[in-house]
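The structure under discussion appears below in the form of structure tokens.
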Amino acid sequence: MTTTDWILDIALVLVVFRQLREGRLDLKTFLIPLGIVAFVAHSYLHSVPTAGNDLVLIGTLTAIGAALGIAGGVYTRIRTSGGHLLIKAGAVSAVLWVLGMGARMGFQMWVQHGGADDVARFSLTHQITSDQAWVAAFVLMALTEVVTRLATIFVRSRLVPRDPRQEMAAETAPALDRAA
């Protein structure tokens, strides 16, 4: 693994650890992880192989990423306070996130430190045609986990009941500050 690989993997893990402390749900909540996975996809996803059983591998890992992302979004607490939406990743959400991101990191470490022959045999036996299929599968797994988690949080944030009195107070407070 390169230094860049380590930095990107650790950055994605830290995204959820940052949310273990309750914080405001804002644009940064969505843009930072999306920016990281967009960079990863641009850097590593050069093609999506379709020969043999490559799409089965890619589809399977993408589905696992979707399941982890949705579950992670469901286990993230969302509430209102003072007219603002607040989120806090629960322990289950953090474990699922680390499990998904860690699986990719662990697989890459294993392949580089003795597992390459096993992966080659598995690939040959199951008609996976290239190492690019594995790259695409794990990158799309991570991308899907991030996008589905954020989408789940976004949808759930829209369903959180809001107290109209708090919203009105939050809207009038800046006007009162300007008048003073």
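In the structure tokens, chains take letters A, B, ... by order of appearance, with residues numbered from 1 within each chain and ligands from 1 in the order shown.
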
Nearby residues (only C-alpha atoms) at most 12 Å from Val155 (chain A), same-chain spacing under 3 positions excluded, as a ChimeraX atom specification: /A:70,73-74,78,148-152,158-160

Please, could you write that set of residues out with N, CA and C atoms as a tab-separated table (two decimals), in the first residue's frame?
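Saved file out-v6.tsv follows:
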```tsv
chain	number	residue	atom	x	y	z
A	70	ILE	N	-26.34	1.61	4.21
A	70	ILE	CA	-27.71	1.83	4.69
A	70	ILE	C	-27.79	1.56	6.19
A	73	GLY	N	-26.20	4.32	8.10
A	73	GLY	CA	-27.06	5.50	8.14
A	73	GLY	C	-28.23	5.35	9.09
A	74	VAL	N	-28.75	4.14	9.18
A	74	VAL	CA	-29.87	3.86	10.10
A	74	VAL	C	-29.40	3.97	11.55
A	78	ILE	N	-30.14	11.10	14.61
A	78	ILE	CA	-30.42	12.42	14.06
A	78	ILE	C	-31.49	13.06	14.93
A	148	THR	N	-24.60	5.47	0.00
A	148	THR	CA	-25.84	4.99	0.62
A	148	THR	C	-25.96	5.43	2.08
A	149	ARG	N	-24.84	5.51	2.78
A	149	ARG	CA	-24.90	6.00	4.17
A	149	ARG	C	-25.35	7.46	4.18
A	150	LEU	N	-24.75	8.26	3.33
A	150	LEU	CA	-25.12	9.68	3.28
A	150	LEU	C	-26.56	9.86	2.80
A	151	ALA	N	-26.97	9.07	1.82
A	151	ALA	CA	-28.35	9.16	1.33
A	151	ALA	C	-29.33	8.78	2.43
A	152	THR	N	-29.00	7.74	3.20
A	152	THR	CA	-29.87	7.33	4.30
A	152	THR	C	-29.95	8.43	5.36
A	158	ARG	N	-34.70	14.45	6.76
A	158	ARG	CA	-35.92	15.10	6.27
A	158	ARG	C	-37.17	14.60	6.99
A	159	LEU	N	-37.07	13.46	7.64
A	159	LEU	CA	-38.20	12.88	8.35
A	159	LEU	C	-38.23	13.24	9.83
A	160	VAL	N	-37.17	13.91	10.32
A	160	VAL	CA	-37.11	14.28	11.73
A	160	VAL	C	-38.13	15.38	12.00
```

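Shell of region 99-115 of chain A at 7 Å, with only C-alpha atoms counted and residues fewer than 2 places along the chain excluded, is Met1, Asp9, Val13, Gly65, Leu68, Val95, Leu96, Trp97, Asp117, Asp118, Val119, Phe138 and Ala142 of chain A.
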
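Counting only C-alpha atoms, the residue from A:Thr50, A:Thr76, A:Ser81, A:Gln19 that sits nearest to Arg156 (chain A) is A:Thr76.
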
Backbone DSSP call of helix (DSSP H, G or I) for region 31-73 of chain A, listed as a PyMOL selection string: chain A and resi 31-44+54-73

DSSP strand (DSSP E or B) residues within chain A, as an MDAnalysis selection string: chainID A and resid 23:24 76:81 84:89

Could you save the residues just selected, with all heavy atoms, as a tab-separated table (two decimals), in the first residue's frame?
```tsv
chain	number	residue	atom	x	y	z
A	23	GLY	N	-22.62	16.40	16.33
A	23	GLY	CA	-22.31	17.64	15.64
A	23	GLY	C	-23.44	18.02	14.70
A	23	GLY	O	-24.37	17.24	14.46
A	24	ARG	N	-23.32	19.19	14.18
A	24	ARG	CA	-24.35	19.73	13.30
A	24	ARG	C	-24.32	19.04	11.94
A	24	ARG	O	-23.25	18.81	11.37
A	24	ARG	CB	-24.08	21.22	13.11
A	24	ARG	CG	-25.28	22.02	12.86
A	24	ARG	CD	-24.95	23.46	13.11
A	24	ARG	NE	-25.84	24.26	12.30
A	24	ARG	CZ	-25.78	25.55	12.18
A	24	ARG	NH1	-24.84	26.21	12.82
A	24	ARG	NH2	-26.63	26.19	11.45
A	76	THR	N	-27.21	5.92	12.77
A	76	THR	CA	-26.71	7.25	13.08
A	76	THR	C	-27.89	8.04	13.64
A	76	THR	O	-28.93	8.14	13.02
A	76	THR	CB	-26.17	7.95	11.81
A	76	THR	OG1	-25.07	7.17	11.32
A	76	THR	CG2	-25.70	9.36	12.10
A	77	ARG	N	-27.71	8.55	14.85
A	77	ARG	CA	-28.80	9.30	15.50
A	77	ARG	C	-28.91	10.69	14.88
A	77	ARG	O	-27.91	11.37	14.67
A	77	ARG	CB	-28.54	9.42	16.99
A	77	ARG	CG	-29.74	10.03	17.74
A	77	ARG	CD	-29.50	10.09	19.20
A	77	ARG	NE	-28.59	11.21	19.44
A	77	ARG	CZ	-27.92	11.39	20.56
A	77	ARG	NH1	-28.01	10.52	21.52
A	77	ARG	NH2	-27.14	12.43	20.71
A	78	ILE	N	-30.14	11.10	14.61
A	78	ILE	CA	-30.42	12.42	14.06
A	78	ILE	C	-31.49	13.06	14.93
A	78	ILE	O	-32.53	12.45	15.19
A	78	ILE	CB	-30.91	12.34	12.60
A	78	ILE	CG1	-29.90	11.60	11.74
A	78	ILE	CG2	-31.19	13.73	12.05
A	78	ILE	CD1	-30.39	11.28	10.34
A	79	ARG	N	-31.23	14.28	15.40
A	79	ARG	CA	-32.22	14.98	16.22
A	79	ARG	C	-32.10	16.47	15.98
A	79	ARG	O	-31.14	16.94	15.35
A	79	ARG	CB	-32.04	14.64	17.70
A	79	ARG	CG	-30.78	15.22	18.30
A	79	ARG	CD	-30.64	14.84	19.77
A	79	ARG	NE	-29.52	15.52	20.38
A	79	ARG	CZ	-29.59	16.67	21.04
A	79	ARG	NH1	-30.75	17.28	21.19
A	79	ARG	NH2	-28.50	17.22	21.57
A	80	THR	N	-33.08	17.21	16.47
A	80	THR	CA	-33.04	18.66	16.35
A	80	THR	C	-32.74	19.27	17.72
A	80	THR	O	-33.11	18.72	18.76
A	80	THR	CB	-34.37	19.24	15.83
A	80	THR	OG1	-35.41	18.88	16.73
A	80	THR	CG2	-34.67	18.74	14.44
A	81	SER	N	-32.09	20.39	17.67
A	81	SER	CA	-31.83	21.17	18.88
A	81	SER	C	-31.57	22.60	18.46
A	81	SER	O	-30.70	22.85	17.61
A	81	SER	CB	-30.63	20.61	19.65
A	81	SER	OG	-30.37	21.39	20.79
A	84	HIS	N	-31.52	23.35	14.76
A	84	HIS	CA	-30.50	22.72	13.93
A	84	HIS	C	-30.62	21.20	14.01
A	84	HIS	O	-31.00	20.65	15.04
A	84	HIS	CB	-29.09	23.12	14.39
A	84	HIS	CG	-28.85	24.59	14.34
A	84	HIS	ND1	-28.74	25.28	13.16
A	84	HIS	CD2	-28.71	25.50	15.33
A	84	HIS	CE1	-28.53	26.55	13.42
A	84	HIS	NE2	-28.52	26.72	14.74
A	85	LEU	N	-30.26	20.56	12.93
A	85	LEU	CA	-30.19	19.11	12.93
A	85	LEU	C	-28.82	18.69	13.44
A	85	LEU	O	-27.80	19.24	13.02
A	85	LEU	CB	-30.38	18.56	11.51
A	85	LEU	CG	-31.81	18.56	10.99
A	85	LEU	CD1	-31.83	18.18	9.52
A	85	LEU	CD2	-32.68	17.60	11.78
A	86	LEU	N	-28.81	17.72	14.35
A	86	LEU	CA	-27.58	17.20	14.91
A	86	LEU	C	-27.51	15.71	14.60
A	86	LEU	O	-28.53	15.02	14.61
A	86	LEU	CB	-27.54	17.42	16.42
A	86	LEU	CG	-27.67	18.86	16.89
A	86	LEU	CD1	-27.74	18.92	18.41
A	86	LEU	CD2	-26.50	19.70	16.40
A	87	ILE	N	-26.30	15.23	14.33
A	87	ILE	CA	-26.12	13.79	14.10
A	87	ILE	C	-25.02	13.26	15.00
A	87	ILE	O	-24.10	14.00	15.39
A	87	ILE	CB	-25.80	13.46	12.62
A	87	ILE	CG1	-24.47	14.04	12.19
A	87	ILE	CG2	-26.92	13.90	11.71
A	87	ILE	CD1	-23.99	13.50	10.85
A	88	LYS	N	-25.16	11.99	15.30
A	88	LYS	CA	-24.14	11.30	16.08
A	88	LYS	C	-24.12	9.85	15.62
A	88	LYS	O	-25.13	9.16	15.69
A	88	LYS	CB	-24.44	11.37	17.57
A	88	LYS	CG	-23.40	10.67	18.41
A	88	LYS	CD	-23.69	10.78	19.88
A	88	LYS	CE	-22.59	10.06	20.63
A	88	LYS	NZ	-22.80	10.05	22.05
A	89	ALA	N	-22.97	9.41	15.14
A	89	ALA	CA	-22.84	8.02	14.73
A	89	ALA	C	-22.81	7.16	15.98
A	89	ALA	O	-22.07	7.44	16.92
A	89	ALA	CB	-21.55	7.83	13.93
```

Using only C-alpha atoms: which of A:Leu57, A:Ile36, A:Val15, A:Val48 has the shortest distance to Phe122 (chain A): A:Leu57

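Distance annotation: of A:Ala133, A:Ala41, A:Leu12, A:Ala91, the residue with the minimal separation from Asp54 (chain A) is A:Ala133; atom set is only C-alpha atoms.
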